[in-house]
$ cat run.pdb   # PDB, C-alpha atoms, pLDDT in the B column
ATOM      1  CA  MET A 203       4.672 -13.808   8.282  1.00 86.00           C
ATOM      2  CA  PHE A 204       3.564 -10.989   6.012  1.00 92.00           C
ATOM      3  CA  ARG A 205       3.495 -11.974   2.340  1.00 94.00           C
ATOM      4  CA  THR A 206       3.322  -9.564  -0.604  1.00 95.00           C
ATOM      5  CA  LEU A 207       1.415 -10.745  -3.655  1.00 95.00           C
ATOM      6  CA  THR A 208       1.133  -8.973  -6.982  1.00 96.00           C
ATOM      7  CA  VAL A 209      -1.863  -9.920  -9.076  1.00 96.00           C
ATOM      8  CA  LEU A 210      -2.315  -8.845 -12.693  1.00 96.00           C
ATOM      9  CA  VAL A 211      -5.976  -8.801 -13.659  1.00 96.00           C
ATOM     10  CA  GLU A 212      -8.112  -7.760 -16.585  1.00 96.00           C
ATOM     11  CA  ASN A 213      -9.390  -4.250 -15.990  1.00 94.00           C
ATOM     12  CA  ASN A 214     -13.067  -5.235 -15.732  1.00 93.00           C
ATOM     13  CA  PRO A 215     -15.849  -4.271 -13.324  1.00 93.00           C
ATOM     14  CA  GLY A 216     -16.180  -6.601 -10.329  1.00 93.00           C
ATOM     15  CA  VAL A 217     -12.653  -8.044 -10.394  1.00 94.00           C
ATOM     16  CA  LEU A 218     -11.681  -6.402  -7.105  1.00 93.00           C
ATOM     17  CA  THR A 219     -14.810  -7.763  -5.451  1.00 93.00           C
ATOM     18  CA  ARG A 220     -14.112 -11.307  -6.653  1.00 93.00           C
ATOM     19  CA  VAL A 221     -10.509 -11.215  -5.464  1.00 94.00           C
ATOM     20  CA  ALA A 222     -11.378  -9.726  -2.057  1.00 92.00           C
ATOM     21  CA  SER A 223     -14.246 -12.219  -1.656  1.00 92.00           C
ATOM     22  CA  LEU A 224     -11.864 -15.113  -2.233  1.00 92.00           C
ATOM     23  CA  PHE A 225      -9.888 -14.017   0.839  1.00 90.00           C
ATOM     24  CA  SER A 226     -12.910 -13.274   3.032  1.00 89.00           C
ATOM     25  CA  ARG A 227     -14.703 -16.548   2.226  1.00 90.00           C
ATOM     26  CA  ARG A 228     -11.683 -18.419   3.551  1.00 87.00           C
ATOM     27  CA  GLY A 229     -11.370 -16.233   6.644  1.00 88.00           C
ATOM     28  CA  TYR A 230      -8.093 -14.555   5.620  1.00 89.00           C
ATOM     29  CA  ASN A 231      -7.567 -10.891   6.398  1.00 90.00           C
ATOM     30  CA  ILE A 232      -6.045  -8.579   3.823  1.00 93.00           C
ATOM     31  CA  ASP A 233      -3.645  -6.255   5.634  1.00 93.00           C
ATOM     32  CA  SER A 234      -3.077  -4.004   2.631  1.00 94.00           C
ATOM     33  CA  LEU A 235      -4.617  -3.776  -0.825  1.00 94.00           C
ATOM     34  CA  ALA A 236      -3.755  -1.321  -3.578  1.00 95.00           C
ATOM     35  CA  VAL A 237      -5.114  -1.491  -7.114  1.00 95.00           C
ATOM     36  CA  GLY A 238      -4.324   0.575 -10.168  1.00 94.00           C
ATOM     37  CA  GLN A 239      -4.120   0.505 -13.918  1.00 94.00           C
ATOM     38  CA  THR A 240      -0.802  -0.603 -15.435  1.00 93.00           C
ATOM     39  CA  GLU A 241       0.999   0.708 -18.505  1.00 93.00           C
ATOM     40  CA  ASP A 242      -1.621  -1.291 -20.443  1.00 94.00           C
ATOM     41  CA  PRO A 243      -5.095   0.238 -19.821  1.00 94.00           C
ATOM     42  CA  ALA A 244      -6.682  -3.208 -20.195  1.00 95.00           C
ATOM     43  CA  ILE A 245      -4.723  -4.582 -17.215  1.00 96.00           C
ATOM     44  CA  SER A 246      -4.761  -3.598 -13.542  1.00 96.00           C
ATOM     45  CA  ARG A 247      -2.260  -4.572 -10.896  1.00 96.00           C
ATOM     46  CA  MET A 248      -3.180  -5.447  -7.340  1.00 96.00           C
ATOM     47  CA  THR A 249      -0.613  -5.446  -4.558  1.00 96.00           C
ATOM     48  CA  ILE A 250      -1.984  -7.507  -1.672  1.00 95.00           C
ATOM     49  CA  VAL A 251      -0.323  -7.964   1.717  1.00 95.00           C
ATOM     50  CA  VAL A 252      -1.536 -10.801   3.937  1.00 93.00           C
ATOM     51  CA  GLU A 253      -0.202 -12.342   7.134  1.00 91.00           C
ATOM     52  CA  GLU A 254      -0.317 -16.059   6.395  1.00 88.00           C
ATOM     53  CA  ASP A 255       2.032 -19.016   6.142  1.00 87.00           C
ATOM     54  CA  ASP A 256       3.431 -20.523   2.933  1.00 87.00           C
ATOM     55  CA  ARG A 257       0.779 -23.255   2.791  1.00 89.00           C
ATOM     56  CA  VAL A 258      -2.071 -20.742   2.883  1.00 89.00           C
ATOM     57  CA  ILE A 259      -0.372 -18.496   0.296  1.00 90.00           C
ATOM     58  CA  GLU A 260       0.051 -21.474  -2.026  1.00 91.00           C
ATOM     59  CA  GLN A 261      -3.638 -22.332  -1.635  1.00 90.00           C
ATOM     60  CA  VAL A 262      -4.755 -18.714  -2.178  1.00 91.00           C
ATOM     61  CA  THR A 263      -2.505 -18.414  -5.242  1.00 92.00           C
ATOM     62  CA  LYS A 264      -4.077 -21.508  -6.786  1.00 92.00           C
ATOM     63  CA  GLN A 265      -7.572 -20.181  -6.092  1.00 92.00           C
ATOM     64  CA  LEU A 266      -6.709 -16.740  -7.513  1.00 94.00           C
ATOM     65  CA  ASN A 267      -5.377 -18.347 -10.699  1.00 93.00           C
ATOM     66  CA  LYS A 268      -8.767 -20.045 -11.172  1.00 92.00           C
ATOM     67  CA  LEU A 269     -10.587 -16.695 -11.347  1.00 92.00           C
ATOM     68  CA  VAL A 270     -11.460 -15.787 -14.934  1.00 90.00           C
ATOM     69  CA  ASP A 271     -10.113 -12.217 -14.864  1.00 94.00           C
ATOM     70  CA  VAL A 272      -6.809 -13.085 -13.146  1.00 95.00           C
ATOM     71  CA  ILE A 273      -3.865 -13.066 -15.557  1.00 96.00           C
ATOM     72  CA  LYS A 274      -0.922 -13.762 -13.242  1.00 95.00           C
ATOM     73  CA  VAL A 275      -0.188 -14.089  -9.512  1.00 95.00           C
ATOM     74  CA  ASN A 276       3.294 -13.572  -8.042  1.00 94.00           C
ATOM     75  CA  ASP A 277       4.437 -13.881  -4.426  1.00 94.00           C
ATOM     76  CA  ILE A 278       7.290 -11.361  -4.415  1.00 95.00           C
ATOM     77  CA  THR A 279       7.986 -11.537  -0.675  1.00 93.00           C
ATOM     78  CA  ASP A 280      11.361 -13.217  -1.104  1.00 93.00           C
ATOM     79  CA  GLU A 281      12.322 -11.178  -4.180  1.00 93.00           C
ATOM     80  CA  GLU A 282      14.142  -7.851  -4.260  1.00 94.00           C
ATOM     81  CA  TYR A 283      11.562  -5.124  -4.714  1.00 94.00           C
ATOM     82  CA  VAL A 284      10.882  -1.471  -4.042  1.00 95.00           C
ATOM     83  CA  ASP A 285       7.741  -0.659  -2.072  1.00 95.00           C
ATOM     84  CA  ARG A 286       6.016   2.535  -1.025  1.00 97.00           C
ATOM     85  CA  GLU A 287       2.960   3.767   0.831  1.00 96.00           C
ATOM     86  CA  LEU A 288       1.389   7.206   0.799  1.00 97.00           C
ATOM     87  CA  LEU A 289       0.286   8.896   4.025  1.00 97.00           C
ATOM     88  CA  LEU A 290      -1.864  11.983   4.508  1.00 98.00           C
ATOM     89  CA  ILE A 291      -1.993  13.101   8.117  1.00 98.00           C
ATOM     90  CA  LYS A 292      -3.782  16.095   9.648  1.00 98.00           C
ATOM     91  CA  THR A 293      -2.364  17.387  12.932  1.00 97.00           C
ATOM     92  CA  ASP A 294      -3.167  20.167  15.323  1.00 95.00           C
ATOM     93  CA  ALA A 295      -0.732  22.957  14.590  1.00 94.00           C
ATOM     94  CA  ASP A 296      -1.238  26.266  16.285  1.00 91.00           C
ATOM     95  CA  PRO A 297       1.414  28.824  15.329  1.00 90.00           C
ATOM     96  CA  SER A 298       3.558  28.089  18.406  1.00 92.00           C
ATOM     97  CA  VAL A 299       4.362  24.499  17.262  1.00 94.00           C
ATOM     98  CA  ARG A 300       4.399  24.851  13.483  1.00 95.00           C
ATOM     99  CA  GLY A 301       8.162  25.298  13.359  1.00 94.00           C
ATOM    100  CA  GLU A 302       8.678  22.054  15.271  1.00 96.00           C
ATOM    101  CA  ILE A 303       6.295  20.176  12.980  1.00 97.00           C
ATOM    102  CA  MET A 304       8.014  21.635   9.909  1.00 96.00           C
ATOM    103  CA  GLN A 305      11.348  20.288  11.181  1.00 97.00           C
ATOM    104  CA  ILE A 306       9.859  16.798  11.513  1.00 97.00           C
ATOM    105  CA  VAL A 307       8.382  17.075   8.022  1.00 98.00           C
ATOM    106  CA  GLU A 308      11.786  18.071   6.635  1.00 98.00           C
ATOM    107  CA  ILE A 309      13.598  15.209   8.410  1.00 97.00           C
ATOM    108  CA  PHE A 310      11.226  12.692   6.817  1.00 98.00           C
ATOM    109  CA  ARG A 311      11.364  14.409   3.402  1.00 97.00           C
ATOM    110  CA  ALA A 312       7.616  14.835   3.580  1.00 98.00           C
ATOM    111  CA  ARG A 313       5.578  17.850   2.445  1.00 98.00           C
ATOM    112  CA  ILE A 314       3.009  20.137   3.960  1.00 97.00           C
ATOM    113  CA  VAL A 315       0.138  20.155   1.469  1.00 98.00           C
ATOM    114  CA  ASP A 316      -2.423  22.256   3.372  1.00 97.00           C
ATOM    115  CA  ILE A 317      -2.284  24.856   6.104  1.00 95.00           C
ATOM    116  CA  GLY A 318      -5.356  25.618   8.173  1.00 93.00           C
ATOM    117  CA  GLN A 319      -5.764  28.146  10.952  1.00 92.00           C
ATOM    118  CA  ASN A 320      -4.863  25.514  13.576  1.00 93.00           C
ATOM    119  CA  SER A 321      -3.929  22.471  11.524  1.00 96.00           C
ATOM    120  CA  LEU A 322      -1.538  21.121   8.924  1.00 97.00           C
ATOM    121  CA  ILE A 323      -1.966  18.316   6.409  1.00 98.00           C
ATOM    122  CA  ILE A 324       1.254  16.460   5.703  1.00 98.00           C
ATOM    123  CA  GLU A 325       1.980  14.110   2.817  1.00 98.00           C
ATOM    124  CA  ALA A 326       4.650  11.436   3.216  1.00 98.00           C
ATOM    125  CA  THR A 327       5.736   8.529   1.070  1.00 97.00           C
ATOM    126  CA  GLY A 328       8.010   5.668   1.983  1.00 97.00           C
ATOM    127  CA  ASP A 329       8.194   2.106   3.125  1.00 95.00           C
ATOM    128  CA  GLN A 330       6.157   0.870   6.072  1.00 93.00           C
ATOM    129  CA  GLY A 331       8.941   1.682   8.551  1.00 95.00           C
ATOM    130  CA  LYS A 332       9.181   5.308   7.468  1.00 97.00           C
ATOM    131  CA  ILE A 333       5.405   5.745   7.534  1.00 97.00           C
ATOM    132  CA  LYS A 334       5.192   4.311  11.062  1.00 96.00           C
ATOM    133  CA  ALA A 335       8.080   6.526  12.196  1.00 98.00           C
ATOM    134  CA  ILE A 336       6.549   9.794  10.975  1.00 98.00           C
ATOM    135  CA  ILE A 337       3.221   8.864  12.582  1.00 98.00           C
ATOM    136  CA  GLU A 338       5.018   8.302  15.911  1.00 98.00           C
ATOM    137  CA  ALA A 339       6.918  11.587  15.547  1.00 98.00           C
ATOM    138  CA  LEU A 340       3.682  13.515  14.956  1.00 97.00           C
ATOM    139  CA  LYS A 341       1.616  11.899  17.748  1.00 97.00           C
ATOM    140  CA  PRO A 342       2.592  14.534  20.346  1.00 96.00           C
ATOM    141  CA  PHE A 343       0.875  17.168  18.181  1.00 96.00           C
ATOM    142  CA  ARG A 344      -2.478  15.329  18.263  1.00 96.00           C
ATOM    143  CA  ILE A 345      -3.336  13.570  15.065  1.00 97.00           C
ATOM    144  CA  ARG A 346      -6.805  14.663  13.978  1.00 97.00           C
ATOM    145  CA  GLU A 347      -7.084  12.416  10.950  1.00 97.00           C
ATOM    146  CA  LEU A 348      -4.898   9.910   9.159  1.00 97.00           C
ATOM    147  CA  VAL A 349      -5.284   8.081   5.855  1.00 97.00           C
ATOM    148  CA  ARG A 350      -2.788   5.863   4.094  1.00 94.00           C
ATOM    149  CA  THR A 351      -2.685   3.801   0.972  1.00 93.00           C
ATOM    150  CA  GLY A 352      -1.783   0.183   0.938  1.00 91.00           C
ATOM    151  CA  LYS A 353       1.654  -0.939  -0.107  1.00 95.00           C
ATOM    152  CA  ILE A 354       2.550  -0.828  -3.773  1.00 95.00           C
ATOM    153  CA  ALA A 355       5.591  -2.770  -4.913  1.00 95.00           C
ATOM    154  CA  ILE A 356       7.641  -3.384  -8.030  1.00 93.00           C
ATOM    155  CA  LEU A 357      10.495  -5.813  -8.647  1.00 93.00           C
ATOM    156  CA  ARG A 358      14.003  -4.347  -8.777  1.00 92.00           C
ATOM    157  CA  GLY A 359      16.118  -4.424 -11.915  1.00 87.00           C
ATOM    158  CA  SER A 360      14.979  -5.382 -15.380  1.00 78.00           C
ATOM    159  CA  ARG A 361      12.644  -8.159 -14.206  1.00 71.00           C
ATOM    160  CA  ASN A 362       8.977  -7.541 -14.836  1.00 72.00           C
ATOM    161  CA  ALA A 363       5.985  -9.075 -13.039  1.00 63.00           C
ATOM    162  CA  ALA A 364       4.284  -9.554 -16.394  1.00 60.00           C
ATOM    163  CA  ALA A 365       7.376 -10.867 -18.229  1.00 53.00           C
ATOM    164  CA  GLU A 366       6.066 -14.397 -18.511  1.00 49.00           C
ATOM    165  CA  LEU A 367       2.724 -13.405 -20.077  1.00 50.00           C
TER     166      LEU A 367
END
$ encode --input "run.pdb" --output "structure tokens"
Amino acid sequence: MFRTLTVLVENNPGVLTRVASLFSRRGYNIDSLAVGQTEDPAISRMTIVVEEDDRVIEQVTKQLNKLVDVIKVNDITDEEYVDRELLLIKTDADPSVRGEIMQIVEIFRARIVDIGQNSLIIEATGDQGKIKAIIEALKPFRIRELVRTGKIAILRGSRNAAAEL
């Protein structure tokens, strides 16, 4: 089962390496990892997605909490949250198919951010399902290059991941 962890850490050099090393030393694969500064410049937030069972997540959470720079670890998998990914995708797009690609882009509420002589770069945001769907819809046009962020997530409502700090 995929689990989504949010980890608040001190915004110091080497923190990302220490957190990622904790997973790799134990042989756990990180499926998605996104890191960015929070509203407090001294704190960063990591959103980590791993495919592990509850026992492993409990163990990893305990180990993460032992790291000096880690402030708080939350498993938000079973909580109500909003999540998004960002996708940039470059497709072949000679003039004869651009209209068709533009229709797909409009359906997914995506944007064309660059037009080349025979290519388009499309930007899309959404949950994992939407990102997978637009990739599938654009495959017939030959995907030249694709890059996507990891999942970022935030709890719904007035609850705050850092509320108990």
$ closest_residue --input "run.pdb" --among "A:Ala339, A:Asp329, A:Val349, A:Arg313" --to "Val284 in chain A" --atoms "all atoms listed in the file"
A:Asp329
$ axis_aligned_box --input "run.pdb" --around "range 310-328 of chain A" --padding-each-side "6 Å" --output "AutoDock Vina command-line options"
--center_x 2.8 --center_y 16.9 --center_z 7.3 --size_x 29.1 --size_y 34.5 --size_z 24.5
$ resolve_selection --input "run.pdb" --expression "the PyMOL selection byres ((chain A and resi 209) around 6)" --output "ChimeraX atom specification"
/A:208,210,247-248,274-275
$ residues_around --input "run.pdb" --residues "Ile333 in chain A" --least-positions-apart "6" --cutoff "12 Å" --atoms "all atoms listed in the file" --output "PyMOL selection string"
chain A and resi 285-291+307+310-312+324-327+339-340+348-353
$ resolve_selection --input "run.pdb" --expression "the PyMOL selection byres ((chain A and resi 319-321) around 7)" --output "VMD selection string"
chain A and resid 292 to 296 317 to 318 322 to 323
$ residues_around --input "run.pdb" --residues "Ala222 in chain A" --least-positions-apart "3" --cutoff "12 Å" --atoms "all atoms listed in the file" --output "list of chain:residue names"
A:Val209, A:Gly216, A:Val217, A:Leu218, A:Thr219, A:Phe225, A:Ser226, A:Arg227, A:Arg228, A:Gly229, A:Tyr230, A:Asn231, A:Ile232, A:Asp233, A:Ser234, A:Leu235, A:Ala236, A:Val237, A:Met248, A:Thr249, A:Ile250, A:Val251, A:Val252, A:Val262, A:Gln265, A:Leu266, A:Leu269
